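Visitor: Coordinates in target11.cif, mmCIF, C-alpha atoms and all ligand atoms, are listed below.
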```
data_run
loop_
_atom_site.label_atom_id
_atom_site.label_comp_id
_atom_site.auth_asym_id
_atom_site.auth_seq_id
_atom_site.Cartn_x
_atom_site.Cartn_y
_atom_site.Cartn_z
CA MET Y 1 105.70 121.29 85.42
CA THR Y 2 102.34 122.63 86.45
CA GLN Y 3 101.83 123.99 89.93
CA ARG Y 4 98.94 122.39 91.73
CA ASP Y 5 96.38 124.31 93.67
CA THR Y 6 97.26 122.79 97.00
CA THR Y 7 97.68 125.58 99.52
CA PHE Y 8 98.84 125.36 103.08
CA ALA Y 9 97.85 127.71 105.85
CA VAL Y 10 101.35 128.38 107.09
CA ASP Y 11 100.69 129.90 110.47
CA GLU Y 12 102.74 129.59 113.65
CA GLU Y 13 101.05 126.34 114.64
CA PHE Y 14 101.74 124.80 111.22
CA LEU Y 15 105.43 125.67 111.41
CA ARG Y 16 105.76 124.55 115.03
CA THR Y 17 104.58 121.08 114.04
CA PHE Y 18 106.10 120.97 110.55
CA ASP Y 19 107.27 117.46 109.71
CA TYR Y 20 109.52 117.36 106.68
CA GLU Y 21 109.20 113.55 106.67
CA SER Y 22 105.39 113.59 106.62
CA PRO Y 23 103.78 111.32 103.99
CA GLU Y 24 100.96 113.88 103.98
CA TYR Y 25 103.03 116.05 101.62
CA SER Y 26 104.30 113.28 99.39
CA GLU Y 27 101.97 113.82 96.49
CA ASP Y 28 103.22 117.33 95.88
CA PRO Y 29 106.14 118.17 98.18
CA HIS Y 30 106.88 121.46 96.47
CA SER Y 31 103.57 123.03 97.43
CA VAL Y 32 104.43 122.76 101.09
CA LEU Y 33 108.10 123.71 100.56
CA ARG Y 34 107.01 126.84 98.71
CA ALA Y 35 104.64 127.77 101.49
CA VAL Y 36 107.26 127.23 104.22
CA ARG Y 37 109.89 129.19 102.28
CA THR Y 38 107.47 132.07 101.84
CA ALA Y 39 107.07 132.21 105.64
CA SER Y 40 110.82 132.48 106.32
CA PRO Y 41 114.24 131.33 105.05
CA ILE Y 42 114.56 129.32 108.26
CA VAL Y 43 111.73 128.00 110.42
CA ARG Y 44 111.65 126.13 113.72
CA SER Y 45 109.64 122.97 114.34
CA ASP Y 46 109.18 121.32 117.74
CA LEU Y 47 109.07 117.84 116.25
CA TYR Y 48 111.92 115.35 116.58
CA GLY Y 49 113.24 117.10 119.68
CA GLY Y 50 113.17 120.42 117.80
CA TYR Y 51 114.90 121.31 114.54
CA TRP Y 52 115.39 124.25 112.20
CA PHE Y 53 114.45 123.90 108.53
CA VAL Y 54 116.27 126.01 105.93
CA THR Y 55 114.48 126.61 102.64
CA THR Y 56 116.55 129.20 100.76
CA TYR Y 57 119.69 128.94 98.63
CA ALA Y 58 121.72 131.64 100.43
CA GLU Y 59 121.05 130.38 103.95
CA GLY Y 60 121.40 126.73 102.87
CA TYR Y 61 124.76 127.47 101.28
CA ARG Y 62 125.89 129.35 104.35
CA VAL Y 63 125.16 126.40 106.68
CA LEU Y 64 126.73 123.80 104.38
CA ALA Y 65 129.87 125.87 103.82
CA ASP Y 66 130.57 126.42 107.53
CA PRO Y 67 131.47 123.05 109.13
CA LYS Y 68 132.94 124.75 112.18
CA THR Y 69 129.58 126.19 113.23
CA PHE Y 70 127.46 123.45 111.64
CA SER Y 71 129.03 120.08 112.28
CA SER Y 72 128.08 117.05 110.21
CA SER Y 73 128.62 114.69 113.15
CA VAL Y 74 124.82 114.24 112.92
CA THR Y 75 123.33 114.54 109.42
CA LEU Y 76 119.83 113.23 110.07
CA VAL Y 77 116.74 114.61 111.80
CA PRO Y 78 115.58 112.80 113.87
CA PRO Y 79 119.07 111.68 114.91
CA PRO Y 80 119.27 107.87 114.55
CA GLU Y 81 118.80 105.83 117.75
CA GLU Y 82 121.98 103.92 117.01
CA PRO Y 83 124.19 106.27 115.03
CA PHE Y 84 127.21 105.01 113.16
CA ASP Y 85 129.81 106.85 111.16
CA LEU Y 86 129.31 107.23 107.44
CA ILE Y 87 132.77 108.30 106.33
CA PRO Y 88 133.38 110.97 105.14
CA VAL Y 89 130.00 112.69 105.50
CA THR Y 90 129.74 112.36 109.30
CA VAL Y 91 133.32 113.57 109.87
CA ASP Y 92 134.28 117.24 110.23
CA PRO Y 93 137.52 118.80 109.01
CA PRO Y 94 140.44 118.31 109.53
CA ASP Y 95 139.96 114.50 109.50
CA HIS Y 96 137.35 114.90 106.76
CA THR Y 97 139.98 116.51 104.55
CA ALA Y 98 142.24 113.49 105.03
CA TYR Y 99 139.54 111.03 103.94
CA ARG Y 100 138.55 113.19 100.97
CA LYS Y 101 142.17 113.37 99.83
CA LEU Y 102 142.19 109.61 99.52
CA MET Y 103 138.67 109.25 98.10
CA THR Y 104 138.36 112.19 95.67
CA PRO Y 105 140.78 110.79 93.04
CA LEU Y 106 138.81 107.52 92.96
CA PHE Y 107 135.79 109.49 91.65
CA SER Y 108 137.63 112.06 89.52
CA PRO Y 109 136.29 113.07 86.09
CA GLY Y 110 139.07 111.00 84.49
CA GLU Y 111 138.24 107.84 86.46
CA VAL Y 112 134.56 108.27 85.75
CA ALA Y 113 135.11 108.96 82.03
CA ARG Y 114 136.73 105.52 81.72
CA LEU Y 115 133.33 104.05 82.52
CA GLU Y 116 131.50 105.88 79.73
CA PRO Y 117 131.45 103.03 77.16
CA ALA Y 118 130.25 100.55 79.79
CA ILE Y 119 127.53 102.95 81.04
CA ARG Y 120 126.33 103.57 77.49
CA ALA Y 121 126.26 99.90 76.59
CA ARG Y 122 124.32 99.15 79.75
CA ALA Y 123 121.86 102.02 79.17
CA ARG Y 124 121.18 100.77 75.63
CA ALA Y 125 120.68 97.19 76.76
CA LEU Y 126 118.36 98.16 79.61
CA ILE Y 127 116.24 100.47 77.44
CA ALA Y 128 116.06 97.81 74.69
CA THR Y 129 114.82 95.25 77.22
CA TYR Y 130 112.42 97.80 78.68
CA LEU Y 131 110.93 98.49 75.24
CA SER Y 132 110.72 94.87 74.19
CA ALA Y 133 108.97 93.98 77.45
CA GLY Y 134 106.27 96.54 76.72
CA ALA Y 135 107.52 99.58 78.68
CA GLY Y 136 106.52 98.89 82.28
CA ASP Y 137 107.95 100.76 85.27
CA PHE Y 138 110.91 102.81 84.04
CA VAL Y 139 112.25 103.16 87.58
CA ALA Y 140 112.37 99.42 88.29
CA GLU Y 141 113.64 98.47 84.86
CA VAL Y 142 116.07 101.26 83.97
CA ALA Y 143 116.53 103.96 86.64
CA ILE Y 144 117.43 101.47 89.41
CA PRO Y 145 119.59 98.97 87.51
CA LEU Y 146 121.58 101.48 85.45
CA PRO Y 147 123.38 103.40 88.24
CA SER Y 148 123.37 100.36 90.53
CA THR Y 149 125.20 98.04 88.16
CA VAL Y 150 127.68 100.81 87.30
CA PHE Y 151 128.22 101.37 91.00
CA LEU Y 152 129.02 97.69 91.61
CA GLU Y 153 131.52 97.74 88.77
CA LEU Y 154 133.14 100.90 90.13
CA LEU Y 155 133.49 99.42 93.58
CA GLY Y 156 134.63 96.07 92.25
CA LEU Y 157 131.74 94.02 93.65
CA PRO Y 158 129.92 91.15 91.89
CA GLN Y 159 126.65 92.09 90.18
CA SER Y 160 124.95 89.23 92.01
CA ASP Y 161 125.27 91.25 95.25
CA LEU Y 162 122.88 93.92 93.97
CA PRO Y 163 119.58 92.69 95.46
CA ARG Y 164 121.14 92.42 98.94
CA LEU Y 165 122.82 95.82 98.63
CA LEU Y 166 119.58 97.49 97.56
CA GLN Y 167 117.87 96.01 100.62
CA TRP Y 168 120.66 97.21 102.93
CA LYS Y 169 120.61 100.64 101.31
CA GLU Y 170 116.93 100.98 102.24
CA ALA Y 171 117.66 99.90 105.81
CA ILE Y 172 120.51 102.40 106.30
CA LEU Y 173 118.79 105.25 104.52
CA ARG Y 174 115.17 104.92 105.61
CA GLY Y 175 114.65 101.86 107.80
CA ARG Y 176 116.80 102.91 110.74
CA VAL Y 177 114.87 106.18 111.13
CA ALA Y 178 111.44 104.79 110.16
CA ALA Y 179 108.51 105.85 112.36
CA ASP Y 180 107.16 102.28 112.29
CA ASP Y 181 108.73 100.35 115.19
CA ASP Y 182 108.78 97.03 113.33
CA VAL Y 183 110.47 98.49 110.26
CA ARG Y 184 113.02 100.36 112.42
CA ASN Y 185 113.79 97.38 114.64
CA HIS Y 186 114.19 95.08 111.65
CA ALA Y 187 116.61 97.56 110.06
CA LEU Y 188 118.61 97.99 113.28
CA GLN Y 189 118.62 94.38 114.43
CA VAL Y 190 118.71 92.38 111.21
CA GLU Y 191 119.55 94.38 108.09
CA ILE Y 192 122.32 96.66 109.31
CA PRO Y 193 124.21 93.92 111.20
CA GLY Y 194 123.90 91.81 108.02
CA PHE Y 195 125.38 94.63 105.96
CA LEU Y 196 128.23 95.22 108.41
CA GLU Y 197 129.15 91.54 108.29
CA TYR Y 198 129.05 91.54 104.48
CA ALA Y 199 131.15 94.71 104.25
CA SER Y 200 133.74 93.40 106.72
CA THR Y 201 134.07 90.25 104.63
CA ILE Y 202 134.57 92.08 101.33
CA VAL Y 203 137.20 94.34 102.91
CA ALA Y 204 139.08 91.35 104.38
CA ASP Y 205 138.85 89.51 101.04
CA ARG Y 206 140.20 92.50 99.18
CA ARG Y 207 143.11 92.86 101.57
CA ALA Y 208 143.90 89.18 101.14
CA ALA Y 209 143.67 89.20 97.34
CA PRO Y 210 143.80 92.47 95.39
CA PRO Y 211 142.17 92.20 91.94
CA THR Y 212 144.40 91.55 88.94
CA GLY Y 213 142.48 93.84 86.54
CA ALA Y 214 141.97 97.64 86.63
CA PRO Y 215 142.02 99.03 90.19
CA ASP Y 216 138.57 99.67 91.65
CA VAL Y 217 137.32 101.89 94.47
CA LEU Y 218 137.50 99.17 97.11
CA THR Y 219 141.12 98.49 96.23
CA GLY Y 220 141.82 102.23 96.36
CA LEU Y 221 140.36 102.41 99.89
CA VAL Y 222 142.26 99.35 101.07
CA SER Y 223 145.62 100.32 99.64
CA GLY Y 224 145.63 104.12 100.16
CA THR Y 225 147.03 106.20 103.01
CA ILE Y 226 145.27 108.92 104.99
CA ASN Y 227 146.94 111.85 106.69
CA ILE Y 228 145.68 111.01 110.21
CA ASP Y 229 147.95 109.95 113.11
CA GLY Y 230 150.98 110.92 111.02
CA GLY Y 231 149.83 108.95 107.97
CA ARG Y 232 148.36 105.43 107.94
CA PRO Y 233 146.06 103.15 105.90
CA MET Y 234 142.32 103.24 106.65
CA THR Y 235 141.27 100.63 109.22
CA ASP Y 236 138.76 97.93 108.28
CA ALA Y 237 136.08 99.71 110.35
CA GLU Y 238 136.72 102.99 108.49
CA ILE Y 239 136.48 101.29 105.10
CA VAL Y 240 133.26 99.52 106.08
CA SER Y 241 131.84 102.89 107.11
CA ALA Y 242 132.91 104.46 103.78
CA VAL Y 243 131.37 101.56 101.85
CA ALA Y 244 128.12 102.05 103.81
CA LEU Y 245 127.98 105.69 102.74
CA LEU Y 246 128.81 104.85 99.14
CA VAL Y 247 126.02 102.26 99.07
CA VAL Y 248 123.55 104.80 100.41
CA ALA Y 249 124.77 107.58 98.13
CA GLY Y 250 125.35 105.53 95.00
CA LEU Y 251 122.25 103.34 94.94
CA ASP Y 252 119.48 105.88 95.51
CA THR Y 253 120.30 109.34 94.28
CA VAL Y 254 120.84 108.93 90.54
CA THR Y 255 117.82 106.63 90.38
CA ASN Y 256 115.56 109.32 91.78
CA ALA Y 257 117.10 112.20 89.84
CA LEU Y 258 116.57 110.22 86.65
CA ALA Y 259 113.06 109.16 87.63
CA PHE Y 260 111.95 112.75 88.34
CA SER Y 261 113.54 113.92 85.07
CA MET Y 262 111.73 111.24 83.09
CA GLU Y 263 108.44 112.04 84.78
CA THR Y 264 108.84 115.67 83.77
CA LEU Y 265 109.68 114.77 80.19
CA ALA Y 266 106.72 112.38 80.03
CA LYS Y 267 104.41 115.21 81.09
CA ARG Y 268 105.99 117.94 78.98
CA PRO Y 269 105.99 116.97 75.27
CA ASP Y 270 107.34 120.43 74.41
CA LEU Y 271 110.49 119.91 76.52
CA ARG Y 272 110.86 116.34 75.30
CA GLN Y 273 110.68 117.33 71.66
CA HIS Y 274 113.08 120.22 72.21
CA LEU Y 275 115.60 117.86 73.77
CA ALA Y 276 115.17 115.21 71.09
CA GLU Y 277 115.78 117.82 68.40
CA ASN Y 278 118.66 119.46 70.28
CA PRO Y 279 120.55 116.67 72.07
CA GLU Y 280 123.49 119.03 72.64
CA LEU Y 281 121.29 120.62 75.35
CA ILE Y 282 121.22 117.43 77.40
CA PRO Y 283 124.08 118.46 79.75
CA THR Y 284 122.29 121.73 80.61
CA ALA Y 285 119.00 119.85 80.88
CA VAL Y 286 120.67 117.55 83.43
CA GLU Y 287 121.68 120.59 85.53
CA GLU Y 288 118.20 122.00 85.28
CA PHE Y 289 116.61 118.72 86.35
CA LEU Y 290 119.07 118.49 89.25
CA ARG Y 291 118.08 121.99 90.38
CA PHE Y 292 114.36 121.51 89.86
CA TRP Y 293 114.29 118.04 91.38
CA SER Y 294 116.96 118.29 94.07
CA THR Y 295 116.18 115.39 96.39
CA VAL Y 296 118.38 115.53 99.49
CA THR Y 297 117.58 117.20 102.81
CA THR Y 298 120.68 116.92 104.98
CA SER Y 299 121.19 118.12 108.53
CA ARG Y 300 123.84 119.64 110.75
CA TYR Y 301 124.53 119.94 114.49
CA THR Y 302 125.10 123.53 115.64
CA THR Y 303 128.28 123.91 117.70
CA THR Y 304 127.90 127.51 118.84
CA ASP Y 305 125.14 130.13 119.10
CA VAL Y 306 124.67 131.81 115.72
CA GLU Y 307 122.12 134.01 113.98
CA ILE Y 308 120.60 133.10 110.62
CA ALA Y 309 118.05 135.34 108.90
CA GLY Y 310 117.24 137.01 112.21
CA GLN Y 311 116.76 133.76 114.14
CA LEU Y 312 118.99 132.71 117.02
CA ILE Y 313 120.17 129.15 116.47
CA LYS Y 314 121.53 127.80 119.74
CA ALA Y 315 124.53 125.52 120.24
CA GLY Y 316 123.19 121.95 120.19
CA ASP Y 317 120.30 122.74 117.80
CA MET Y 318 119.81 120.61 114.69
CA VAL Y 319 119.48 122.41 111.35
CA SER Y 320 118.05 120.70 108.24
CA ILE Y 321 118.84 122.13 104.83
CA SER Y 322 116.24 121.42 102.16
CA THR Y 323 118.03 121.35 98.80
CA PRO Y 324 114.65 120.74 97.09
CA ALA Y 325 113.34 124.03 98.54
CA ALA Y 326 116.60 125.89 97.80
CA GLY Y 327 116.45 124.68 94.19
CA ARG Y 328 113.30 126.70 93.61
CA ASP Y 329 114.19 129.79 95.64
CA PRO Y 330 112.98 132.86 93.72
CA ALA Y 331 115.72 134.95 95.34
CA GLN Y 332 118.29 132.79 93.55
CA TYR Y 333 116.61 131.82 90.26
CA GLU Y 334 114.58 133.71 87.73
CA ASP Y 335 111.35 131.78 87.10
CA PRO Y 336 112.31 129.04 89.56
CA GLU Y 337 109.21 126.98 88.81
CA GLU Y 338 110.02 126.93 85.10
CA ILE Y 339 112.26 124.29 83.55
CA ARG Y 340 114.59 126.13 81.22
CA PHE Y 341 117.35 124.41 79.30
CA ASP Y 342 118.97 127.76 78.56
CA ARG Y 343 119.83 128.97 82.07
CA ALA Y 344 123.19 130.68 81.63
CA VAL Y 345 124.08 130.32 85.32
CA ASN Y 346 122.66 127.40 87.24
CA ARG Y 347 124.43 126.98 90.55
CA HIS Y 348 122.34 124.65 92.65
CA LEU Y 349 122.63 122.79 95.93
CA ALA Y 350 121.55 119.39 94.55
CA PHE Y 351 125.04 118.05 95.32
CA GLY Y 352 125.36 120.05 98.54
CA ALA Y 353 128.09 122.68 99.08
CA GLY Y 354 131.23 123.22 101.11
CA PRO Y 355 133.59 120.45 102.19
CA HIS Y 356 131.01 117.66 101.92
CA ARG Y 357 129.92 118.53 98.39
CA CYS Y 358 129.05 115.31 96.62
CA LEU Y 359 131.96 113.04 95.81
CA GLY Y 360 129.95 111.25 93.11
CA SER Y 361 128.77 114.32 91.18
CA HIS Y 362 130.88 113.58 88.06
CA LEU Y 363 129.57 110.03 87.96
CA ALA Y 364 125.98 111.14 88.60
CA ARG Y 365 126.11 113.75 85.82
CA LEU Y 366 127.62 111.31 83.36
CA GLU Y 367 125.04 108.63 84.12
CA MET Y 368 122.17 111.07 83.75
CA LYS Y 369 123.57 112.49 80.51
CA ILE Y 370 124.04 109.07 78.95
CA ALA Y 371 120.65 107.83 80.12
CA LEU Y 372 118.85 110.86 78.66
CA GLU Y 373 120.84 110.67 75.41
CA GLU Y 374 119.89 107.05 74.92
CA VAL Y 375 116.26 107.70 75.89
CA MET Y 376 116.06 110.50 73.34
CA THR Y 377 117.50 108.25 70.65
CA MET Y 378 115.70 105.00 71.44
CA MET Y 379 112.32 106.18 72.78
CA PRO Y 380 111.93 109.92 72.09
CA GLN Y 381 108.13 109.93 72.49
CA PHE Y 382 106.61 108.80 75.75
CA VAL Y 383 103.86 109.80 78.16
CA ILE Y 384 102.71 108.61 81.57
CA ALA Y 385 100.60 105.47 81.09
CA SER Y 386 96.93 106.17 81.71
CA CYS Y 387 95.74 105.75 85.31
CA ALA Y 388 99.33 105.31 86.49
CA GLU Y 389 100.40 108.51 88.21
CA PRO Y 390 103.91 108.00 89.69
CA THR Y 391 104.39 107.93 93.45
CA HIS Y 392 106.42 110.65 95.17
CA VAL Y 393 107.84 110.31 98.65
CA PHE Y 394 108.81 113.35 100.67
CA GLY Y 395 111.50 113.24 103.37
CA HIS Y 396 115.27 113.42 103.65
CA MET Y 397 115.70 111.62 100.32
CA MET Y 398 112.83 112.39 97.95
CA GLU Y 399 111.72 109.50 95.81
CA CYS Y 400 109.84 108.98 92.57
CA THR Y 401 108.66 105.43 91.96
CA ASN Y 402 106.14 103.58 89.84
CA LEU Y 403 106.84 105.46 86.61
CA LYS Y 404 104.81 103.56 84.04
CA LEU Y 405 105.21 104.97 80.56
CA THR Y 406 103.42 104.54 77.26
CA ILE Y 407 105.72 104.75 74.27
CA GLN Y 408 104.30 106.59 71.31
CA PRO Y 409 105.18 105.84 67.68
C1 LIG T 501 122.02 112.79 91.37
C2 LIG T 501 122.79 112.08 92.18
C3 LIG T 501 123.34 112.56 93.49
C4 LIG T 501 122.88 113.54 94.32
C5 LIG T 501 121.68 114.45 94.12
C6 LIG T 501 123.79 113.59 95.46
C7 LIG T 501 123.69 114.49 96.51
C8 LIG T 501 124.62 114.62 97.51
C9 LIG T 501 124.57 115.63 98.54
C10 LIG T 501 123.47 116.68 98.71
C11 LIG T 501 125.66 115.46 99.32
C12 LIG T 501 126.06 116.30 100.54
C13 LIG T 501 125.52 115.69 101.81
C14 LIG T 501 125.82 116.53 103.03
O1 LIG T 501 126.49 117.57 102.92
O2 LIG T 501 125.37 116.16 104.11
C15 LIG T 501 126.38 114.32 98.81
C16 LIG T 501 127.54 113.83 99.38
C17 LIG T 501 128.13 112.66 98.95
N1 LIG T 501 127.82 111.92 97.82
FE1 LIG T 501 126.37 112.32 96.51
N2 LIG T 501 124.73 112.61 95.32
C18 LIG T 501 124.50 111.96 94.14
C19 LIG T 501 125.23 110.90 93.62
C20 LIG T 501 126.27 110.27 94.25
C21 LIG T 501 126.95 109.10 93.78
C22 LIG T 501 126.62 108.37 92.47
C23 LIG T 501 127.92 108.79 94.69
C24 LIG T 501 128.93 107.69 94.71
C25 LIG T 501 128.94 106.63 94.02
C26 LIG T 501 127.85 109.81 95.73
C27 LIG T 501 128.67 109.84 96.84
C28 LIG T 501 128.65 110.84 97.79
C29 LIG T 501 129.55 110.87 98.93
C30 LIG T 501 130.61 109.85 99.27
C31 LIG T 501 129.23 112.02 99.66
C32 LIG T 501 129.88 112.52 100.94
C33 LIG T 501 130.97 113.51 100.60
C34 LIG T 501 131.65 114.08 101.84
O3 LIG T 501 131.15 113.98 102.93
O4 LIG T 501 132.72 114.66 101.66
N3 LIG T 501 126.84 110.67 95.43
N4 LIG T 501 125.73 113.84 97.69
#
```
Produce structure tokens that represent the structure in this file.
Guide:
Amino acid sequence: MTQRDTTFAVDEEFLRTFDYESPEYSEDPHSVLRAVRTASPIVRSDLYGGYWFVTTYAEGYRVLADPKTFSSSVTLVPPPEEPFDLIPVTVDPPDHTAYRKLMTPLFSPGEVARLEPAIRARARALIATYLSAGAGDFVAEVAIPLPSTVFLELLGLPQSDLPRLLQWKEAILRGRVAADDDVRNHALQVEIPGFLEYASTIVADRRAAPPTGAPDVLTGLVSGTINIDGGRPMTDAEIVSAVALLVVAGLDTVTNALAFSMETLAKRPDLRQHLAENPELIPTAVEEFLRFWSTVTTSRYTTTDVEIAGQLIKAGDMVSISTPAAGRDPAQYEDPEEIRFDRAVNRHLAFGAGPHRCLGSHLARLEMKIALEEVMTMMPQFVIASCAEPTHVFGHMMECTNLKLTIQP
């Protein structure tokens, strides 16, 4: 991907007012991330009540791997006005370990592999429809529905619930911390209560009547035991909270990872051709896209005074870790701005690190692999449609939307 010429004068004033949610940087977020990382591995901004912003792999890893010093009781900057638990991400060990013990097997490589035929069939059908309809917005027609419909199947929810769940996902993820008062109030007063009511109903229904077919994630949550209070089932409120996190995590991330990957391939015919001719490289290409287009900036609450890269972080300070910036840290990667499908070692922070490392990483990787395999088979030649540059959104979950492609013969 080409580097644009955008440069930022990163002086003290710039850093003091740095807003990692600013739409100003949306067109090319990596120009500003590069500039901030060059200033320091960790910088302090006075916005949002003050927060630290970590841009390097080593320091990012250190924060994520140390839940004692950096608690995930608050994972958003600015902290939401009306916070609610998103189990297990907002819970610290040891309780976190108990939830993970119940949840991890539900997303194991074996469980996820069972879904492969269904994911492939769905990818083929979606791409076929996309092509026959004249190749419009790849995000709306393939990158959103593919992981979303798989997610509903995994959880054991009806496909007809998807439109409502996508709306609630937006409210939990972006609406409740939106700068616009109307958007935020609507999310807090209408959307989120609506979601909580829906989730309570599906949990109660599942308790009343477990499904007769293959067990799904919701059944696993309802019927499992956690090692808290001497061992007990999860309460309804805990399951609702876990479902909320799964909705947020499952309905946004793969969509954007796939969208950014497709944008890159549309703009780089050399990479596209290489992948079409060498499909066995697709798994390493997926890792490289995840590194290059890491999307999540998560945050932590500091529990005790600590020094990072020469800066004193005080107890009570919020620290945001930019996995997009860490993914292109020259101290960690050779040629970080180059997409290379032959990186021998490619440890990245796209899925986080430490105890909260992504629970859905096996599913995400499989979905991306299958999607790219089917793209390379069914539509190996494509470019960005003329006058239709995709839209990027900066912030705690980077987005790529409006990806209109032209398919070449
Ligand atoms: C490319 C796709 C994905 C990316 C980039 C991604 C990224 C992440 C990151 C960075 C974290 C750590 C957050 C933190 O430490 O604060 C995380 C956690 C998590 N992810 Fe993902 N994720 C993806 C897909 C998924 C999917 C498909 C699911 C489930 C269906 C999922 C479920 C979760 C859950 C439940 C957690 C919390 C784990 C815990 O707290 O122990 N993710 N993800």
Visitor: So which residues touch Y:Lys267 within 10 Å, counting only C-alpha atoms, skipping near sequence neighbours fewer than 2 positions away, as a compact mmCIF listing (two decimals) with C-alpha atoms, in the coordinates of the input?
Guide:
```txt
# COMPACT_ATOMS: atom_id res chain seq x y z
CA MET Y 1 105.70 121.29 85.42
CA THR Y 2 102.34 122.63 86.45
CA MET Y 262 111.73 111.24 83.09
CA GLU Y 263 108.44 112.04 84.78
CA THR Y 264 108.84 115.67 83.77
CA LEU Y 265 109.68 114.77 80.19
CA PRO Y 269 105.99 116.97 75.27
CA ASP Y 270 107.34 120.43 74.41
CA LEU Y 271 110.49 119.91 76.52
CA ARG Y 272 110.86 116.34 75.30
CA PHE Y 382 106.61 108.80 75.75
CA VAL Y 383 103.86 109.80 78.16
CA ILE Y 384 102.71 108.61 81.57
```
Visitor: Please report the interatomic distance between atom CA of Y:Leu275 and atom CA of Y:Asp335 in Å with one decimal.
Guide: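 Computing the Euclidean distance for atom CA of Y:Leu275 and atom CA of Y:Asp335 yields 19.7 Å.
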Visitor: Please, which residues are within 12 Å of (123.4, 134.1, 102.3) by the file's coordinates, counting only C-alpha atoms, and could they come as a ChimeraX atom specification?
Guide: /Y:41-42,54-66,307-309,326,331-332
Visitor: Have a look at Y:Gly316, Y:Pro283, Y:Pro117, Y:Gly250 and name the one nearest to ligand LIG 501 (chain T); count all atoms listed in the file.
Guide: Y:Gly250
Visitor: Between Y:Glu238, Y:Glu374, Y:Phe292, Y:Leu188, which has the minimum distance to Y:Pro336 (counting all atoms listed in the file)?
Guide: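 Going through Y:Glu238, Y:Glu374, Y:Phe292, Y:Leu188 one by one, the smallest distance to Y:Pro336 is for Y:Phe292.
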Visitor: Around ligand LIG 501 (chain T), at most 8 Å away and counting only C-alpha atoms and all ligand atoms, which residues are there? Put them as a PyMOL selection string, please.
Guide: chain Y and resi 64+72+75+87-91+96+100+107+147+151+242+245-247+249-258+290+294-300+323+349-361+363-365+368
Visitor: The selected residues should be written to file as a JSON list (two decimals), keeping the file's coordinate frame (atoms: C-alpha atoms).
Guide:
```json
[["chain", "number", "residue", "atom", "x", "y", "z"],
["Y", 64, "LEU", "CA", 126.73, 123.80, 104.38],
["Y", 72, "SER", "CA", 128.08, 117.05, 110.21],
["Y", 75, "THR", "CA", 123.33, 114.54, 109.42],
["Y", 87, "ILE", "CA", 132.77, 108.30, 106.33],
["Y", 88, "PRO", "CA", 133.38, 110.97, 105.14],
["Y", 89, "VAL", "CA", 130.00, 112.69, 105.50],
["Y", 90, "THR", "CA", 129.74, 112.36, 109.30],
["Y", 91, "VAL", "CA", 133.32, 113.57, 109.87],
["Y", 96, "HIS", "CA", 137.35, 114.90, 106.76],
["Y", 100, "ARG", "CA", 138.55, 113.19, 100.97],
["Y", 107, "PHE", "CA", 135.79, 109.49, 91.65],
["Y", 147, "PRO", "CA", 123.38, 103.40, 88.24],
["Y", 151, "PHE", "CA", 128.22, 101.37, 91.00],
["Y", 242, "ALA", "CA", 132.91, 104.46, 103.78],
["Y", 245, "LEU", "CA", 127.98, 105.69, 102.74],
["Y", 246, "LEU", "CA", 128.81, 104.85, 99.14],
["Y", 247, "VAL", "CA", 126.02, 102.26, 99.07],
["Y", 249, "ALA", "CA", 124.77, 107.58, 98.13],
["Y", 250, "GLY", "CA", 125.35, 105.53, 95.00],
["Y", 251, "LEU", "CA", 122.25, 103.34, 94.94],
["Y", 252, "ASP", "CA", 119.48, 105.88, 95.51],
["Y", 253, "THR", "CA", 120.30, 109.34, 94.28],
["Y", 254, "VAL", "CA", 120.84, 108.93, 90.54],
["Y", 255, "THR", "CA", 117.82, 106.63, 90.38],
["Y", 256, "ASN", "CA", 115.56, 109.32, 91.78],
["Y", 257, "ALA", "CA", 117.10, 112.20, 89.84],
["Y", 258, "LEU", "CA", 116.57, 110.22, 86.65],
["Y", 290, "LEU", "CA", 119.07, 118.49, 89.25],
["Y", 294, "SER", "CA", 116.96, 118.29, 94.07],
["Y", 295, "THR", "CA", 116.18, 115.39, 96.39],
["Y", 296, "VAL", "CA", 118.38, 115.53, 99.49],
["Y", 297, "THR", "CA", 117.58, 117.20, 102.81],
["Y", 298, "THR", "CA", 120.68, 116.92, 104.98],
["Y", 299, "SER", "CA", 121.19, 118.12, 108.53],
["Y", 300, "ARG", "CA", 123.84, 119.64, 110.75],
["Y", 323, "THR", "CA", 118.03, 121.35, 98.80],
["Y", 349, "LEU", "CA", 122.63, 122.79, 95.93],
["Y", 350, "ALA", "CA", 121.55, 119.39, 94.55],
["Y", 351, "PHE", "CA", 125.04, 118.05, 95.32],
["Y", 352, "GLY", "CA", 125.36, 120.05, 98.54],
["Y", 353, "ALA", "CA", 128.09, 122.68, 99.08],
["Y", 354, "GLY", "CA", 131.23, 123.22, 101.11],
["Y", 355, "PRO", "CA", 133.59, 120.45, 102.19],
["Y", 356, "HIS", "CA", 131.01, 117.66, 101.92],
["Y", 357, "ARG", "CA", 129.92, 118.53, 98.39],
["Y", 358, "CYS", "CA", 129.05, 115.31, 96.62],
["Y", 359, "LEU", "CA", 131.96, 113.04, 95.81],
["Y", 360, "GLY", "CA", 129.95, 111.25, 93.11],
["Y", 361, "SER", "CA", 128.77, 114.32, 91.18],
["Y", 363, "LEU", "CA", 129.57, 110.03, 87.96],
["Y", 364, "ALA", "CA", 125.98, 111.14, 88.60],
["Y", 365, "ARG", "CA", 126.11, 113.75, 85.82],
["Y", 368, "MET", "CA", 122.17, 111.07, 83.75]]
```
